[in-house]
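Containing compact mmCIF, C-alpha atoms: target-v9.txt.
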# COMPACT_ATOMS: atom_id res chain seq x y z
CA LEU A 13 2.79 44.60 17.34
CA LYS A 14 4.84 42.12 15.41
CA LYS A 15 2.97 39.85 13.04
CA LYS A 16 3.17 36.15 13.85
CA PRO A 17 4.78 33.99 11.16
CA PRO A 18 2.32 31.85 9.18
CA LYS A 19 1.75 28.37 10.56
CA MET A 20 2.94 25.36 8.60
CA ASN A 21 0.13 23.18 7.26
CA ARG A 22 0.96 20.06 9.25
CA LYS A 23 -1.39 17.92 7.16
CA HIS A 24 0.95 18.39 4.17
CA PHE A 25 3.98 16.97 5.93
CA LEU A 26 5.32 13.43 5.93
CA SER A 27 8.86 12.23 6.49
CA PHE A 28 10.27 8.81 7.14
CA VAL A 29 12.29 9.10 10.35
CA VAL A 30 15.83 7.66 10.49
CA THR A 31 15.63 5.44 7.40
CA ALA A 32 15.15 8.26 4.91
CA GLY A 33 17.99 9.77 2.89
CA VAL A 34 18.53 13.51 2.91
CA SER A 35 17.74 15.56 -0.17
CA ALA A 36 20.01 18.41 -1.20
CA SER A 37 20.41 20.06 -4.57
CA THR A 38 20.29 23.48 -6.20
CA SER A 39 18.52 22.16 -9.30
CA LYS A 40 14.82 22.70 -9.94
CA VAL A 41 13.99 19.64 -7.85
CA TRP A 42 15.83 18.31 -4.82
CA SER A 43 16.52 14.60 -5.01
CA ASN A 44 18.28 11.95 -2.95
CA THR A 45 21.88 11.52 -4.02
CA ARG A 46 24.37 8.72 -3.57
CA ALA A 47 26.84 11.18 -2.11
CA VAL A 48 24.48 12.22 0.66
CA ASN A 49 23.47 8.64 1.40
CA LYS A 50 27.13 7.67 1.57
CA VAL A 51 27.72 10.32 4.23
CA LEU A 52 24.68 9.11 6.16
CA ALA A 53 25.53 5.41 5.82
CA PRO A 54 27.28 5.10 9.23
CA GLU A 55 24.26 6.67 10.99
CA LEU A 56 21.75 4.55 9.07
CA ALA A 57 23.73 1.42 9.87
CA LYS A 58 23.21 2.10 13.58
CA SER A 59 19.44 2.11 13.20
CA LYS A 60 17.41 -1.04 13.75
CA ILE A 61 14.73 -1.42 11.10
CA PRO A 62 11.52 -3.16 12.23
CA PRO A 63 10.24 -5.96 9.97
CA TYR A 64 8.29 -4.73 6.97
CA LEU A 65 4.65 -5.75 6.81
CA LYS A 66 3.15 -8.52 4.70
CA PRO A 67 -0.48 -9.01 3.63
CA GLY A 68 -2.50 -10.26 6.56
CA ASP A 69 -0.36 -8.51 9.19
CA THR A 70 -2.15 -6.51 11.87
CA ILE A 71 -1.95 -2.75 12.41
CA GLY A 72 -3.15 -1.53 15.81
CA ILE A 73 -4.84 1.85 16.16
CA THR A 74 -4.56 3.64 19.49
CA SER A 75 -5.03 7.23 20.66
CA PRO A 76 -2.30 8.10 23.20
CA ALA A 77 -2.95 11.82 22.83
CA SER A 78 -6.27 13.58 22.11
CA TYR A 79 -9.78 12.18 21.72
CA ILE A 80 -11.05 10.65 18.50
CA SER A 81 -14.27 8.75 17.76
CA LEU A 82 -14.68 5.34 16.18
CA LEU A 83 -16.49 6.98 13.27
CA ASP A 84 -13.58 9.36 12.64
CA ILE A 85 -11.08 6.53 12.09
CA GLN A 86 -13.23 4.58 9.62
CA PRO A 87 -11.67 6.04 6.42
CA SER A 88 -8.22 4.96 7.63
CA VAL A 89 -9.45 1.53 8.73
CA GLN A 90 -11.09 0.88 5.37
CA LEU A 91 -8.02 1.99 3.41
CA MET A 92 -5.54 -0.06 5.45
CA GLN A 93 -7.78 -3.08 5.12
CA GLY A 94 -7.81 -2.39 1.39
CA TRP A 95 -4.00 -2.55 1.50
CA GLY A 96 -4.36 -6.13 2.72
CA PHE A 97 -3.76 -5.56 6.45
CA LYS A 98 -5.90 -6.47 9.43
CA VAL A 99 -6.78 -3.60 11.76
CA GLU A 100 -7.21 -3.85 15.53
CA THR A 101 -8.83 -0.92 17.32
CA GLY A 102 -7.59 -0.05 20.80
CA LYS A 103 -9.76 0.76 23.80
CA THR A 104 -8.79 4.45 23.64
CA ILE A 105 -10.69 4.93 20.39
CA GLY A 106 -13.91 6.58 21.50
CA ALA A 107 -12.69 6.94 25.09
CA LYS A 108 -12.66 10.49 26.44
CA ASP A 109 -11.26 12.30 29.45
CA PHE A 110 -11.75 16.03 28.86
CA SER A 111 -9.88 16.55 25.54
CA LEU A 112 -7.77 13.39 25.90
CA GLY A 113 -8.36 9.94 24.46
CA GLY A 114 -9.10 8.50 27.88
CA THR A 115 -7.36 8.92 31.21
CA ASP A 116 -3.57 8.79 31.48
CA GLN A 117 -3.91 5.25 32.85
CA GLU A 118 -6.17 4.15 29.98
CA ARG A 119 -3.94 5.61 27.30
CA THR A 120 -0.81 4.13 28.88
CA ALA A 121 -2.37 0.68 29.10
CA ASP A 122 -3.67 0.75 25.52
CA LEU A 123 -0.34 1.80 24.01
CA GLN A 124 1.60 -0.55 26.28
CA ARG A 125 -0.49 -3.52 25.16
CA MET A 126 0.19 -2.73 21.50
CA LEU A 127 3.90 -2.25 22.13
CA ASP A 128 4.01 -5.68 23.81
CA ASP A 129 1.65 -7.69 21.58
CA PRO A 130 3.74 -9.74 19.08
CA ASN A 131 0.72 -10.11 16.79
CA ILE A 132 0.56 -6.35 16.17
CA LYS A 133 3.19 -5.50 13.55
CA ALA A 134 2.63 -1.72 13.41
CA ILE A 135 0.99 0.90 15.63
CA MET A 136 -0.93 3.73 13.99
CA CYS A 137 -1.58 6.59 16.41
CA ALA A 138 -5.06 7.89 15.66
CA ARG A 139 -4.29 11.60 16.10
CA GLY A 140 -2.01 14.09 17.82
CA GLY A 141 -3.03 17.14 19.81
CA TYR A 142 -1.78 16.70 23.34
CA GLY A 143 -1.30 13.96 25.91
CA LEU A 144 1.56 11.62 25.00
CA VAL A 145 4.10 13.65 26.96
CA ARG A 146 2.03 12.87 30.07
CA ILE A 147 2.57 9.11 29.72
CA ILE A 148 5.89 8.63 27.90
CA ASP A 149 7.83 7.94 31.11
CA LYS A 150 5.27 5.34 32.22
CA LEU A 151 5.82 3.10 29.19
CA ASP A 152 7.99 -0.03 29.29
CA PHE A 153 9.87 -0.66 26.04
CA THR A 154 11.51 -3.95 27.07
CA LYS A 155 9.41 -6.18 24.79
CA PHE A 156 9.37 -3.55 22.06
CA LYS A 157 13.19 -3.47 21.99
CA ALA A 158 13.33 -7.25 21.65
CA ASN A 159 10.71 -7.27 18.85
CA PRO A 160 10.53 -3.82 17.22
CA LYS A 161 7.50 -2.79 15.21
CA TRP A 162 6.60 0.30 13.21
CA VAL A 163 5.20 3.27 15.15
CA ILE A 164 3.30 5.78 13.00
CA GLY A 165 2.26 9.38 13.68
CA PHE A 166 3.33 13.03 13.95
CA SER A 167 2.45 16.21 15.87
CA ASP A 168 2.20 15.25 19.57
CA ILE A 169 3.39 11.74 18.65
CA THR A 170 6.83 13.20 17.90
CA VAL A 171 7.79 12.71 21.56
CA LEU A 172 7.34 8.96 21.03
CA HIS A 173 9.52 9.03 17.90
CA THR A 174 12.32 10.92 19.61
CA HIS A 175 12.17 8.69 22.69
CA ILE A 176 12.43 5.52 20.58
CA ASN A 177 15.03 6.90 18.17
CA SER A 178 17.34 8.41 20.78
CA ASN A 179 17.11 5.68 23.41
CA TYR A 180 16.85 2.52 21.34
CA GLY A 181 17.99 3.45 17.82
CA ILE A 182 14.86 1.96 16.25
CA ALA A 183 13.36 3.49 13.10
CA THR A 184 9.82 4.88 13.16
CA ILE A 185 7.51 6.53 10.62
CA HIS A 186 6.72 10.24 11.05
CA SER A 187 3.54 10.60 9.02
CA LYS A 188 -0.14 11.38 8.76
CA MET A 189 -2.53 9.63 11.13
CA CYS A 190 -6.14 8.42 11.09
CA ASN A 191 -7.65 11.90 11.42
CA SER A 192 -5.85 12.97 8.22
CA PHE A 193 -7.49 10.34 5.98
CA PRO A 194 -10.23 11.94 3.82
CA ASP A 195 -13.86 10.82 3.88
CA ASP A 196 -14.11 11.47 0.15
CA TRP A 197 -11.01 10.65 -1.90
CA VAL A 198 -12.46 12.40 -4.94
CA LYS A 199 -12.27 15.73 -3.10
CA ALA A 200 -8.83 15.09 -1.58
CA GLU A 201 -5.86 17.18 -2.70
CA PRO A 202 -3.15 15.32 -4.68
CA ILE A 203 -0.52 15.94 -1.99
CA GLN A 204 -2.86 14.53 0.66
CA ILE A 205 -3.39 11.37 -1.38
CA GLU A 206 0.32 11.04 -2.13
CA THR A 207 1.43 11.38 1.49
CA ILE A 208 -1.16 8.91 2.78
CA LEU A 209 -0.32 6.32 0.13
CA SER A 210 3.37 6.71 1.00
CA ILE A 211 2.59 5.25 4.44
CA LYS A 212 1.90 1.92 2.75
CA ASN A 213 5.18 2.16 0.81
CA ALA A 214 7.06 2.79 4.04
CA LEU A 215 5.37 -0.13 5.82
CA ILE A 216 6.10 -2.67 3.08
CA GLY A 217 9.64 -1.49 2.43
CA GLU A 218 9.19 0.12 -0.98
CA GLN A 219 11.76 2.64 -2.20
CA MET A 220 10.94 6.07 -0.80
CA GLY A 221 11.55 9.27 -2.75
CA TYR A 222 11.27 12.94 -1.85
CA VAL A 223 11.05 16.05 -4.00
CA ALA A 224 10.71 19.70 -3.09
CA PRO A 225 10.68 22.89 -5.21
CA ALA A 226 13.97 24.76 -5.34
CA HIS A 227 14.17 28.21 -3.76
CA PRO A 228 16.71 31.01 -4.34
CA ASN A 229 17.70 30.88 -0.67
CA ASN A 230 18.50 27.17 -0.74
CA ARG A 231 22.25 26.59 -0.35
CA LEU A 232 24.37 23.48 -0.21
CA GLY A 233 26.08 22.91 3.12
CA ASN A 234 27.59 20.39 5.45
Could you express the structure from this file as structure tokens?
Amino acid sequence: LKKKPPKMNRKHFLSFVVTAGVSASTSKVWSNTRAVNKVLAPELAKSKIPPYLKPGDTIGITSPASYISLLDIQPSVQLMQGWGFKVETGKTIGAKDFSLGGTDQERTADLQRMLDDPNIKAIMCARGGYGLVRIIDKLDFTKFKANPKWVIGFSDITVLHTHINSNYGIATIHSKMCNSFPDDWVKAEPIQIETILSIKNALIGEQMGYVAPAHPNNRLGN
């Protein structure tokens, strides 16, 4: 029997979709370079960047994939409120249909309302798992296209990123979600803290930077 390759720790992964530069270097640390950004400039210019958030703006939390409880999202709610944002909890938080965050109809309606509501400036998906692929074709992005807002998440939420990016050219944030926020920050790993805090930087338009250890098999390429 062949051994299965080790699984990637998804909780240690955050990347800023579309708007991020690409890192490439053979030095000890990879870093964004002007040369790479210059090559990417035509592609980045095609992307529509949603408005960055200001203090007092509202972030909506919805669960278009798997189930999550109201208690489980509290660490994320408290932190985002600490960042100066208002938080609005969707009806799918605490809703359950087998392993899903409510029925397909409930999850579609909750996400649709947040996509359409002009008062919600960003949508934080509570968790991944499974379920968004069941409703992606039922969503109407007409109002979202006219007034883009930040969509945040990863794992199962990737189908939403790719749908928005490929069909409408609007930037989104591929990042940790509510179920990744620690209950006790003292016990959290540094990389967990760093990646969660980088969500705020992405939302307010701060300069984003990325580093990764070099490896002998890394090679420059086109």
**Study point:** Contacts of Ile148 in chain A within 9 Å, all atoms listed in the file, excl. fewer than 5 positions in-chain, as a list in words
**Key:**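 Near Ile148 in chain A, the qualifying residues are Thr120, Val171, Leu172 and His175 of chain A.
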Study note, to complete from the structure: Closest of A:Ala226, A:Ile73, A:Ile80, A:Ala107 to Ala134 in chain A, counting only C-alpha atoms, is A:Ile73
Practice item. Please identify all polymer residues within 10 Å of range 94-101 of chain A, counting all atoms listed in the file, omitting same-chain residues fewer than 4 positions from it, and present them as a PyMOL selection string. Key: chain A and resi 65-75+82+85+88-90+105-106+122+126+132-136+138+209+212
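Distance annotation: of A:Ile216, A:Tyr180, A:Lys155, A:Met189, the residue with the minimal separation from Lys58 in chain A is A:Tyr180; atom set is only C-alpha atoms.
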Check your understanding: What does the distance between CA of Ile185 in chain A and CA of Ile164 in chain A come to in Å, to one decimal place?
Key -> 4.9 Å
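Separating CA of Leu151 in chain A from CA of Ala121 in chain A is a distance of 8.5 Å.
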